[in-house]
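The file model_13.cif contains mmCIF, C-alpha atoms:
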```cif
data_target
loop_
_atom_site.label_atom_id
_atom_site.label_comp_id
_atom_site.auth_asym_id
_atom_site.auth_seq_id
_atom_site.Cartn_x
_atom_site.Cartn_y
_atom_site.Cartn_z
CA MET P 17 93.98 -56.84 -114.98
CA ALA P 18 96.25 -54.52 -113.11
CA VAL P 19 97.86 -56.11 -110.09
CA THR P 20 98.61 -53.85 -107.19
CA GLN P 21 101.47 -54.57 -104.86
CA PRO P 22 100.54 -55.27 -101.25
CA GLU P 23 101.14 -52.39 -98.89
CA SER P 24 103.33 -54.20 -96.44
CA PRO P 25 106.45 -55.78 -97.88
CA SER P 26 106.37 -58.30 -95.10
CA LEU P 27 103.05 -59.81 -96.23
CA GLU P 28 103.72 -62.64 -98.62
CA LEU P 29 101.14 -63.87 -101.03
CA PRO P 30 100.56 -67.57 -101.43
CA GLU P 31 100.80 -69.04 -104.89
CA ASN P 32 97.98 -68.43 -107.39
CA VAL P 33 96.66 -65.43 -105.49
CA VAL P 34 96.26 -62.05 -107.12
CA VAL P 35 95.38 -58.92 -105.24
CA SER P 36 93.29 -56.28 -106.95
CA ARG P 37 90.59 -53.77 -106.31
CA LEU P 38 86.97 -54.85 -106.44
CA ASP P 39 86.23 -52.10 -108.96
CA GLU P 40 88.85 -53.51 -111.29
CA LEU P 41 87.43 -56.99 -110.95
CA ALA P 42 83.87 -55.86 -111.64
CA SER P 43 84.94 -53.82 -114.64
CA TRP P 44 86.96 -56.74 -115.95
CA CYS P 45 83.91 -58.98 -115.74
CA ARG P 46 81.62 -56.39 -117.29
CA LYS P 47 83.84 -55.43 -120.19
CA ASN P 48 84.32 -59.03 -121.28
CA SER P 49 80.65 -59.95 -121.21
CA LEU P 50 78.94 -57.09 -123.00
CA TRP P 51 75.55 -58.28 -124.21
CA PRO P 52 74.47 -56.06 -127.10
CA MET P 53 70.96 -54.88 -127.74
CA PRO P 54 70.79 -54.64 -131.55
CA PHE P 55 68.71 -51.57 -132.39
CA ALA P 56 69.22 -52.04 -136.11
CA THR P 57 66.98 -49.91 -138.32
CA ALA P 58 68.90 -49.64 -141.59
CA CYS P 59 71.89 -50.83 -143.59
CA CYS P 60 74.22 -50.46 -140.57
CA GLY P 61 72.27 -53.39 -139.18
CA ILE P 62 73.63 -55.56 -141.98
CA GLU P 63 77.17 -54.69 -140.94
CA LEU P 64 76.17 -55.31 -137.34
CA MET P 65 75.04 -58.80 -138.30
CA ALA P 66 78.27 -59.34 -140.21
CA THR P 67 80.18 -58.29 -137.11
CA GLY P 68 78.45 -60.97 -135.10
CA ALA P 69 78.82 -63.62 -137.79
CA ALA P 70 81.63 -66.10 -138.28
CA LYS P 71 84.13 -64.04 -140.26
CA HIS P 72 84.48 -61.15 -137.85
CA ASP P 73 83.26 -63.12 -134.83
CA LEU P 74 82.36 -60.69 -132.09
CA SER P 75 82.61 -63.52 -129.56
CA ARG P 76 86.36 -63.01 -129.58
CA PHE P 77 85.58 -59.92 -127.50
CA GLY P 78 82.85 -61.45 -125.39
CA ALA P 79 80.08 -59.46 -127.04
CA GLU P 80 78.41 -62.00 -129.28
CA VAL P 81 75.31 -62.61 -127.17
CA PHE P 82 72.78 -60.45 -128.99
CA ARG P 83 69.62 -60.34 -126.91
CA PHE P 84 66.31 -59.03 -128.12
CA SER P 85 65.06 -58.27 -124.65
CA PRO P 86 66.44 -55.03 -123.23
CA ARG P 87 66.26 -56.52 -119.73
CA GLN P 88 69.13 -58.83 -120.59
CA CYS P 89 71.38 -56.34 -122.35
CA ASP P 90 73.96 -53.84 -121.24
CA LEU P 91 75.17 -52.40 -124.55
CA MET P 92 72.78 -50.75 -126.95
CA ILE P 93 74.08 -50.53 -130.52
CA VAL P 94 71.94 -48.08 -132.48
CA ALA P 95 72.61 -49.00 -136.11
CA GLY P 96 70.74 -46.86 -138.59
CA ARG P 97 68.57 -43.81 -138.84
CA VAL P 98 66.03 -43.12 -136.14
CA VAL P 99 62.82 -41.34 -137.15
CA MET P 100 60.33 -39.41 -135.06
CA LYS P 101 58.05 -42.37 -134.63
CA MET P 102 60.90 -44.63 -133.56
CA LEU P 103 62.54 -42.32 -131.04
CA PRO P 104 60.03 -42.92 -128.20
CA VAL P 105 60.57 -46.65 -128.76
CA LEU P 106 64.33 -46.16 -128.59
CA GLN P 107 64.03 -44.20 -125.36
CA ARG P 108 61.71 -46.76 -123.84
CA ILE P 109 64.10 -49.60 -124.69
CA TRP P 110 67.03 -47.63 -123.31
CA GLN P 111 65.18 -47.07 -120.05
CA GLN P 112 64.25 -50.73 -119.83
CA MET P 113 67.92 -51.76 -119.87
CA HIS P 114 69.50 -52.31 -116.48
CA GLU P 115 72.51 -50.44 -115.20
CA PRO P 116 75.35 -50.57 -115.90
CA LYS P 117 74.65 -49.90 -119.57
CA TRP P 118 76.40 -48.28 -122.47
CA CYS P 119 75.41 -47.05 -125.89
CA ILE P 120 77.20 -47.13 -129.23
CA SER P 121 75.92 -44.86 -131.98
CA MET P 122 76.87 -46.74 -135.13
CA GLY P 123 77.14 -44.96 -138.45
CA ALA P 124 76.54 -41.48 -139.78
CA CYS P 125 72.73 -41.64 -139.54
CA ALA P 126 72.52 -42.60 -135.90
CA SER P 127 75.20 -40.07 -135.00
CA THR P 128 74.10 -37.06 -137.06
CA GLY P 129 71.13 -37.98 -139.24
CA GLY P 130 73.47 -38.49 -142.18
CA VAL P 131 72.08 -37.48 -145.54
CA PHE P 132 68.52 -37.70 -144.21
CA ASP P 133 68.12 -34.08 -143.18
CA THR P 134 64.33 -34.23 -143.42
CA TYR P 135 61.33 -33.49 -141.26
CA ALA P 136 60.98 -36.98 -139.81
CA VAL P 137 64.57 -38.05 -139.12
CA VAL P 138 66.21 -37.30 -135.77
CA GLN P 139 69.54 -35.57 -136.37
CA GLY P 140 71.64 -37.66 -134.02
CA ILE P 141 70.41 -39.87 -131.19
CA ASP P 142 72.77 -38.20 -128.74
CA ARG P 143 70.30 -35.33 -128.61
CA PHE P 144 67.97 -37.57 -126.64
CA ILE P 145 69.89 -40.46 -125.07
CA PRO P 146 73.45 -40.63 -123.70
CA VAL P 147 75.99 -42.08 -126.13
CA ASP P 148 79.36 -43.51 -125.15
CA MET P 149 80.94 -44.29 -128.53
CA TYR P 150 80.37 -42.95 -132.00
CA VAL P 151 81.34 -45.02 -135.02
CA PRO P 152 81.79 -43.07 -138.26
CA GLY P 153 81.03 -44.61 -141.62
CA CYS P 154 78.17 -45.16 -144.00
CA PRO P 155 77.88 -47.96 -143.07
CA PRO P 156 80.98 -48.66 -140.94
CA ARG P 157 82.97 -51.78 -141.63
CA PRO P 158 82.75 -54.51 -139.00
CA GLU P 159 86.34 -53.73 -138.05
CA GLN P 160 85.29 -50.23 -137.08
CA LEU P 161 82.51 -51.52 -134.86
CA ILE P 162 84.91 -53.99 -133.28
CA GLN P 163 87.33 -51.14 -132.64
CA ALA P 164 84.55 -49.17 -130.97
CA ILE P 165 83.74 -52.13 -128.74
CA ILE P 166 87.41 -52.53 -127.83
CA ASP P 167 87.62 -48.84 -127.01
CA LEU P 168 84.47 -49.13 -124.93
CA GLN P 169 86.03 -52.04 -123.08
CA ASP P 170 89.08 -49.93 -122.33
CA LYS P 171 86.84 -47.19 -121.06
CA ILE P 172 84.88 -49.54 -118.84
CA GLN P 173 88.11 -50.94 -117.41
CA ALA P 174 89.57 -47.51 -116.85
CA GLU P 175 86.69 -45.85 -115.05
CA GLY P 176 84.21 -48.53 -114.02
CA THR P 177 83.18 -48.96 -110.40
CA VAL P 178 81.17 -51.65 -108.63
CA ALA P 179 78.46 -49.21 -107.62
CA GLY P 180 78.41 -47.46 -111.00
CA ARG P 181 79.59 -44.16 -109.56
CA GLU P 182 80.86 -43.16 -112.97
CA PHE P 183 77.25 -42.73 -114.10
CA ASN P 184 76.10 -40.72 -111.13
CA THR P 185 76.44 -37.06 -111.86
CA ARG P 186 76.35 -34.79 -114.79
CA GLN P 187 80.03 -33.95 -114.52
CA ARG P 188 81.01 -37.59 -114.56
CA GLN P 189 78.71 -38.19 -117.47
CA ASP P 190 80.38 -35.43 -119.43
CA THR P 191 83.79 -36.96 -118.94
CA LYS P 192 82.35 -40.20 -120.31
CA ARG P 193 81.61 -38.62 -123.64
CA ALA P 194 83.56 -40.18 -126.43
CA LEU P 195 84.03 -36.87 -128.19
CA VAL P 196 86.42 -34.87 -126.05
CA GLU P 197 87.29 -31.33 -126.89
CA CYS P 198 90.56 -30.70 -128.65
CA PRO P 199 93.15 -29.67 -126.07
CA ASP P 200 94.28 -26.08 -126.37
CA ASN P 201 97.90 -26.95 -126.93
CA LEU P 202 97.03 -29.08 -129.96
CA THR P 203 97.86 -26.86 -132.87
CA LEU P 204 97.93 -27.09 -136.60
CA ASP P 205 100.78 -24.59 -136.71
CA ALA P 206 103.56 -26.72 -138.20
CA SER P 207 106.37 -24.62 -136.81
CA ARG P 208 105.32 -25.54 -133.25
CA ASN P 209 104.30 -29.13 -133.87
CA PRO P 210 107.13 -31.54 -134.66
CA ASN P 211 104.75 -34.41 -135.54
CA LEU P 212 102.99 -32.29 -138.08
CA GLN P 213 106.32 -31.13 -139.51
CA ARG P 214 107.34 -34.75 -139.99
CA GLU P 215 104.02 -35.57 -141.63
CA LEU P 216 104.27 -32.64 -143.97
CA SER P 217 107.83 -33.43 -145.02
CA ASN P 218 106.88 -37.07 -145.62
CA SER P 219 103.92 -36.15 -147.76
CA ALA P 220 106.06 -33.65 -149.66
CA ILE P 221 108.55 -36.41 -150.39
CA ASN P 222 105.75 -38.68 -151.56
CA LEU P 223 104.41 -36.01 -153.85
CA ASN P 224 107.79 -35.34 -155.37
CA MET L 10 31.11 -55.11 -169.62
CA THR L 11 33.26 -54.57 -172.67
CA ASN L 12 33.64 -57.01 -175.46
CA THR L 13 36.85 -58.99 -174.91
CA SER L 14 36.80 -60.97 -178.11
CA GLU L 15 38.69 -58.27 -180.07
CA PRO L 16 42.11 -57.92 -178.51
CA SER L 17 43.67 -55.75 -181.23
CA THR L 18 41.33 -52.77 -181.16
CA ASP L 19 42.81 -51.12 -178.08
CA ASP L 20 41.45 -47.69 -178.86
CA ALA L 21 37.92 -48.97 -179.26
CA VAL L 22 38.10 -50.82 -175.96
CA GLU L 23 39.64 -47.89 -174.05
CA ASN L 24 37.31 -45.43 -175.62
CA ALA L 25 34.34 -47.47 -174.53
CA HIS L 26 35.09 -46.57 -170.91
CA VAL L 27 35.86 -42.97 -171.75
CA SER L 28 32.70 -42.57 -173.76
CA ALA L 29 30.74 -44.13 -170.93
CA ILE L 30 32.21 -41.52 -168.57
CA ASN L 31 31.46 -38.88 -171.20
CA ALA L 32 27.87 -39.95 -171.28
CA PHE L 33 27.70 -40.00 -167.51
CA CYS L 34 29.28 -36.72 -166.45
CA GLY L 35 29.48 -34.58 -169.55
CA PRO L 36 32.49 -34.02 -171.79
CA VAL L 37 35.72 -34.95 -169.98
CA GLU L 38 39.37 -34.55 -170.83
CA SER L 39 41.10 -37.75 -171.83
CA SER L 40 44.46 -38.66 -173.33
CA ILE L 41 46.73 -41.57 -174.03
CA TYR L 42 50.26 -41.45 -172.71
CA ARG L 43 52.60 -44.37 -173.40
CA ASP L 44 49.63 -46.59 -174.27
CA GLN L 45 47.93 -45.77 -170.99
CA GLN L 46 44.46 -44.31 -171.14
CA ARG L 47 43.91 -41.38 -168.82
CA VAL L 48 40.73 -39.52 -168.06
CA ILE L 49 40.00 -36.50 -165.87
CA VAL L 50 36.65 -36.42 -164.09
CA PRO L 51 35.09 -33.55 -162.11
CA VAL L 52 35.54 -33.96 -158.38
CA GLU L 53 31.84 -33.84 -157.51
CA LYS L 54 31.17 -36.82 -159.78
CA SER L 55 34.33 -38.79 -159.06
CA PHE L 56 32.67 -41.34 -156.79
CA ASP L 57 29.85 -42.07 -159.21
CA ALA L 58 32.25 -42.30 -162.14
CA LEU L 59 34.54 -44.70 -160.25
CA SER L 60 31.52 -46.70 -159.14
CA MET L 61 30.45 -47.01 -162.76
CA LEU L 62 33.97 -48.07 -163.76
CA LYS L 63 33.90 -50.75 -161.10
CA ASP L 64 30.68 -52.05 -162.60
CA ARG L 65 32.39 -52.02 -165.98
CA GLY L 66 34.97 -54.54 -164.80
CA PHE L 67 37.66 -52.59 -162.94
CA ASP L 68 37.72 -54.90 -159.96
CA LEU L 69 41.30 -54.19 -158.83
CA PHE L 70 42.18 -50.93 -157.10
CA ILE L 71 45.91 -50.36 -157.62
CA ASP L 72 46.60 -47.01 -156.01
CA VAL L 73 45.37 -43.60 -155.09
CA THR L 74 47.93 -40.88 -154.68
CA CYS L 75 48.20 -37.13 -154.91
CA VAL L 76 50.29 -34.44 -156.54
CA ASP L 77 50.68 -30.94 -155.15
CA TYR L 78 50.75 -28.47 -158.06
CA LEU L 79 51.68 -25.44 -155.97
CA GLU L 80 53.94 -23.18 -158.10
CA TYR L 81 53.51 -25.54 -161.04
CA ARG L 82 53.36 -23.69 -164.31
CA LYS L 83 49.91 -23.42 -165.89
CA ALA L 84 48.31 -25.41 -163.09
CA LYS L 85 44.66 -24.52 -162.57
CA HIS L 86 44.20 -26.50 -159.38
CA ARG L 87 46.35 -27.17 -156.36
CA TYR L 88 45.99 -30.91 -155.76
CA GLY L 89 45.64 -33.63 -158.36
CA LEU L 90 44.40 -37.01 -157.20
CA VAL L 91 45.38 -40.05 -159.23
CA TYR L 92 43.38 -43.27 -159.15
CA LEU L 93 44.95 -46.27 -160.83
CA LEU L 94 42.45 -48.96 -161.70
CA ALA L 95 42.93 -52.37 -163.26
CA SER L 96 40.63 -55.05 -164.50
CA THR L 97 41.67 -58.62 -163.88
CA ILE L 98 38.77 -59.78 -166.06
CA ASN L 99 39.57 -57.80 -169.20
CA ALA L 100 43.31 -57.16 -168.57
CA GLU L 101 42.84 -53.41 -168.80
CA ARG L 102 44.20 -50.44 -166.94
CA LEU L 103 42.81 -46.96 -166.51
CA THR L 104 44.10 -43.82 -164.83
CA VAL L 105 41.42 -41.57 -163.43
CA ARG L 106 42.35 -38.12 -162.23
CA THR L 107 40.47 -35.45 -160.37
CA PHE L 108 41.45 -32.08 -158.94
CA VAL L 109 40.71 -30.49 -155.60
CA ASP L 110 41.60 -27.12 -154.13
CA ASP L 111 42.28 -25.29 -150.91
CA PRO L 112 41.08 -24.35 -148.33
CA GLN L 113 39.25 -27.63 -147.68
CA PRO L 114 40.39 -30.18 -150.27
CA THR L 115 37.69 -32.81 -150.06
CA VAL L 116 36.81 -35.79 -152.18
CA ALA L 117 34.48 -38.74 -151.69
CA SER L 118 36.11 -41.86 -150.31
CA VAL L 119 36.09 -44.96 -152.48
CA VAL L 120 36.44 -47.39 -149.58
CA PRO L 121 32.79 -48.47 -150.08
CA LEU L 122 33.83 -49.60 -153.58
CA TRP L 123 37.30 -51.05 -152.96
CA GLU L 124 38.42 -51.99 -149.46
CA ALA L 125 42.01 -51.65 -150.68
CA ALA L 126 41.59 -47.87 -150.72
CA ASN L 127 41.43 -47.72 -146.94
CA TRP L 128 45.09 -47.32 -146.02
CA LEU L 129 45.93 -45.58 -149.30
CA GLU L 130 43.46 -42.81 -148.55
CA ARG L 131 44.75 -42.61 -145.00
CA GLU L 132 48.24 -42.10 -146.42
CA VAL L 133 47.06 -39.33 -148.75
CA TRP L 134 45.24 -37.68 -145.85
CA ASP L 135 48.37 -37.97 -143.71
CA LEU L 136 50.85 -36.54 -146.19
CA PHE L 137 48.70 -34.15 -148.27
CA GLY L 138 45.74 -33.33 -146.05
CA ILE L 139 43.08 -34.33 -148.58
CA HIS L 140 39.89 -35.08 -146.66
CA PHE L 141 38.02 -38.19 -147.81
CA THR L 142 34.36 -37.97 -146.87
CA GLY L 143 32.80 -41.31 -146.04
CA HIS L 144 36.09 -42.92 -145.02
CA PRO L 145 35.44 -45.30 -142.10
CA ASP L 146 38.64 -44.51 -140.17
CA LEU L 147 40.49 -41.46 -141.46
CA ARG L 148 43.57 -41.40 -139.18
CA ARG L 149 47.21 -40.71 -139.94
CA LEU L 150 49.02 -43.69 -141.39
CA VAL L 151 52.76 -43.02 -141.42
CA MET L 152 53.38 -39.90 -139.36
CA PRO L 153 52.99 -39.93 -135.57
CA GLU L 154 49.49 -39.27 -134.30
CA GLU L 155 50.45 -36.02 -132.62
CA PHE L 156 51.86 -34.61 -135.87
CA THR L 157 49.82 -31.64 -137.05
CA ALA L 158 51.16 -30.78 -140.52
CA HIS L 159 50.87 -32.56 -143.87
CA PRO L 160 54.53 -32.85 -144.82
CA LEU L 161 54.37 -33.64 -148.54
CA ARG L 162 52.64 -30.36 -149.31
CA LYS L 163 55.02 -28.13 -151.21
CA ASP L 164 54.66 -25.26 -148.75
CA TYR L 165 55.92 -27.44 -145.91
CA PRO L 166 59.68 -27.01 -145.31
CA LEU L 167 61.84 -30.05 -146.05
CA GLN L 168 63.44 -30.03 -142.61
CA GLY L 169 60.12 -29.59 -140.86
CA ARG L 170 59.10 -27.06 -138.27
CA GLY L 171 61.06 -28.60 -135.39
CA GLU L 172 58.78 -31.59 -134.82
CA ARG L 173 61.67 -34.01 -135.19
CA HIS L 174 63.37 -32.62 -132.10
CA ASN L 175 60.32 -32.18 -129.91
CA PHE L 176 61.19 -35.01 -127.52
CA PRO L 177 62.32 -35.27 -123.91
CA VAL L 178 66.06 -35.67 -123.38
CA ILE L 179 67.03 -38.74 -121.37
CA THR L 180 70.30 -38.41 -119.49
CA ARG L 181 72.14 -40.87 -117.30
CA ASP L 182 70.32 -39.43 -114.29
CA HIS L 183 66.93 -40.50 -115.63
CA SER L 184 67.71 -44.11 -116.22
#
```
Spell out the structure here as structure tokens.
Amino acid sequence: MAVTQPESPSLELPENVVVSRLDELASWCRKNSLWPMPFATACCGIELMATGAAKHDLSRFGAEVFRFSPRQCDLMIVAGRVVMKMLPVLQRIWQQMHEPKWCISMGACASTGGVFDTYAVVQGIDRFIPVDMYVPGCPPRPEQLIQAIIDLQDKIQAEGTVAGREFNTRQRQDTKRALVECPDNLTLDASRNPNLQRELSNSAINLN
Amino acid sequence: MTNTSEPSTDDAVENAHVSAINAFCGPVESSIYRDQQRVIVPVEKSFDALSMLKDRGFDLFIDVTCVDYLEYRKAKHRYGLVYLLASTINAERLTVRTFVDDPQPTVASVVPLWEAANWLEREVWDLFGIHFTGHPDLRRLVMPEEFTAHPLRKDYPLQGRGERHNFPVITRDHS
């Protein structure tokens, strides 16, 4: 937790006292007690279970309390393909969850429909509900899901507010999207990008 | 009921059913493929033929499914229905086929004979649009109720006609 210095240098803090903003404190509590709602419809659900089990142990990040009632959850993990008949259920469950809430789209199928480009399969849940984190993979390894949860925690800490102002408007919602546009100055032209030059020379050395 | 005391004479036993169908609804096409006896019955007599087969010992209804022969070479009919029957008494199996055509593919339901046909016929209705007259509850089985097409027909596009994205969008403002 970030500690801000008191305004007046003359004010002295007693021992064991930390001064912070209430927003920071609330976000700190929220990010370390994410209760996932497992919306597991396919093989990603197996990896989701493995993530919660002993070897990968999601409780190290405070997110091991899988609840099967949406009223008790604040993180929906959609693991697997979602079909036409399931989408109204998904939306209903999402609406039953209390704010503040977040959503992780786990795996290729939940994010894009994956290989199931057929009449019944929704081609990405982000068409119909807001998604905060996308996890690539088919299915993703538990490490990838854990990384997504860590990233989500960072995001909650960075922009969370007590009143949930970060959810309020469309503009704020857009900045919450995990997929940000590539900045204009990011270029693949090696002559103007020293990092890329280094990468290319390294790979050339490896090839030779 | 066929004679079960001669296990080796498969052809005689299978042919007994086929000849019974022959006697019942005129000459029918029949063949043996990989030791499985198949017989094709006319659609207007399919219920009576299946009813007779039930009386002949086929007490177990395995499956009913459908094939769409649109653009299939040398196909005379559009839809082919496949009934798979088995007899737990005589340890026999029989495949009964019948053909139906557009614009109103209709066949008699066999739910009065085998209760197991209930959901199977609902599935065929859902995915192929074959109408089963006499079915007690002919609703869609797997597709959503508001779905209008029959998606396993060959003239239905693989990616659908946009039904999969015909849902309201929920944003952060709604929840």
Using all atoms listed in the file, find all polymer residues with an atom at most 9 Å away from the point (46.8, -37.0, -156.1); report them as a PDB file with C-alpha atoms, in the frame of the given file.
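Below you can see result_3.pdb, which holds the result:
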```pdb
ATOM      1  CA  VAL L  73      45.370 -43.600-155.090  1.00  0.00           C
ATOM      2  CA  THR L  74      47.930 -40.880-154.680  1.00  0.00           C
ATOM      3  CA  CYS L  75      48.200 -37.130-154.910  1.00  0.00           C
ATOM      4  CA  VAL L  76      50.290 -34.440-156.540  1.00  0.00           C
ATOM      5  CA  ASP L  77      50.680 -30.940-155.150  1.00  0.00           C
ATOM      6  CA  TYR L  88      45.990 -30.910-155.760  1.00  0.00           C
ATOM      7  CA  GLY L  89      45.640 -33.630-158.360  1.00  0.00           C
ATOM      8  CA  LEU L  90      44.400 -37.010-157.200  1.00  0.00           C
ATOM      9  CA  VAL L  91      45.380 -40.050-159.230  1.00  0.00           C
ATOM     10  CA  TYR L  92      43.380 -43.270-159.150  1.00  0.00           C
ATOM     11  CA  ARG L 106      42.350 -38.120-162.230  1.00  0.00           C
ATOM     12  CA  THR L 107      40.470 -35.450-160.370  1.00  0.00           C
ATOM     13  CA  PHE L 108      41.450 -32.080-158.940  1.00  0.00           C
ATOM     14  CA  VAL L 109      40.710 -30.490-155.600  1.00  0.00           C
ATOM     15  CA  VAL L 133      47.060 -39.330-148.750  1.00  0.00           C
ATOM     16  CA  PHE L 137      48.700 -34.150-148.270  1.00  0.00           C
ATOM     17  CA  ILE L 139      43.080 -34.330-148.580  1.00  0.00           C
TER      18      ILE L 139
END
```
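The coordinates place atom CA of L:Trp134 at 28.0 Å from atom CA of L:Phe33.
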> When the PyMOL selection byres ((chain L and resi 158) around 9) is applied to the file above, which residues end up in the set, as a PyMOL selection string?
Replying inline: chain L and resi 135-138+156-157+159-160+162+165
If you take all atoms listed in the file and a cut-off of 6 Å, which residues of chain L touch chain P, and what are their nearest atom pairs and distances in Å to one decimal, in chain and number order, as a Markdown table?
```
| residue | atom | partner | partner_atom | distance |
| --- | --- | --- | --- | --- |
| L:Pro153 | CA | P:Lys101 | CA | 5.7 |
| L:Leu167 | CA | P:Thr134 | CA | 5.5 |
| L:Gln168 | CA | P:Tyr135 | CA | 4.3 |
| L:Gly169 | CA | P:Tyr135 | CA | 4.1 |
| L:Arg173 | CA | P:Ala136 | CA | 5.5 |
| L:Val178 | CA | P:Phe144 | CA | 4.2 |
| L:Ile179 | CA | P:Ile145 | CA | 5.0 |
| L:Thr180 | CA | P:Pro146 | CA | 5.7 |
| L:Ser184 | CA | P:Gln111 | CA | 5.5 |
```
I would like the residues chosen by the PyMOL selection byres ((chain P and resi 120) around 7) on the shown file; could you give them as a JSON list (two decimals) with C-alpha atoms, in the coordinates of the input?
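Result file result06.json:
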```json
[["chain", "number", "residue", "atom", "x", "y", "z"],
["P", 92, "MET", "CA", 72.78, -50.75, -126.95],
["P", 93, "ILE", "CA", 74.08, -50.53, -130.52],
["P", 94, "VAL", "CA", 71.94, -48.08, -132.48],
["P", 118, "TRP", "CA", 76.40, -48.28, -122.47],
["P", 119, "CYS", "CA", 75.41, -47.05, -125.89],
["P", 121, "SER", "CA", 75.92, -44.86, -131.98],
["P", 122, "MET", "CA", 76.87, -46.74, -135.13],
["P", 147, "VAL", "CA", 75.99, -42.08, -126.13],
["P", 148, "ASP", "CA", 79.36, -43.51, -125.15],
["P", 149, "MET", "CA", 80.94, -44.29, -128.53],
["P", 150, "TYR", "CA", 80.37, -42.95, -132.00]]
```
>> I'd like to see the residues matched by the PyMOL selection byres ((chain P and resi 154) around 9) on this file, and ideally I'd get them as a ChimeraX atom specification.
In response: /P:59-60,123-125,130,152-153,155-157
> Quick one, how far is atom CA of P:Ser36 from atom CA of P:Lys171?
Replying inline: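 Computing the Euclidean distance for atom CA of P:Ser36 and atom CA of P:Lys171 yields 18.0 Å.
With all atoms listed in the file as the basis for measurement, P:Lys47 is the residue among P:Lys47, P:Arg97, P:Arg87, P:Lys71 that approaches P:Glu175 most closely.
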>> Quick one: residues within 8 Å of L:Phe67, all atoms listed in the file, excluding same-chain residues fewer than 2 positions away - as a PyMOL selection string?
In response: chain L and resi 62-65+69-70+94-98+101-102
>> Using Å and a single decimal, report how far atom CA of P:Phe55 sits from atom CA of P:Gln88.
In response: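 Value for the atom CA of P:Gln88-atom CA of P:Phe55 distance: 13.9 Å.
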> Between P:Leu74, P:Val98, P:Pro116, P:Ala69, which one has atoms that come closest to P:Thr128, using all atoms listed in the file?
Replying inline: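 Looking at the shortest contact to P:Thr128, the residue is P:Val98.
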>> Using all atoms listed in the file and a cutoff of 9 Å, can you tell me which residues are near (82.4, -53.2, -104.3) in the file's coordinates, and write them out as number ranges by chain?
In response: P: 37-39, 42, 177-179
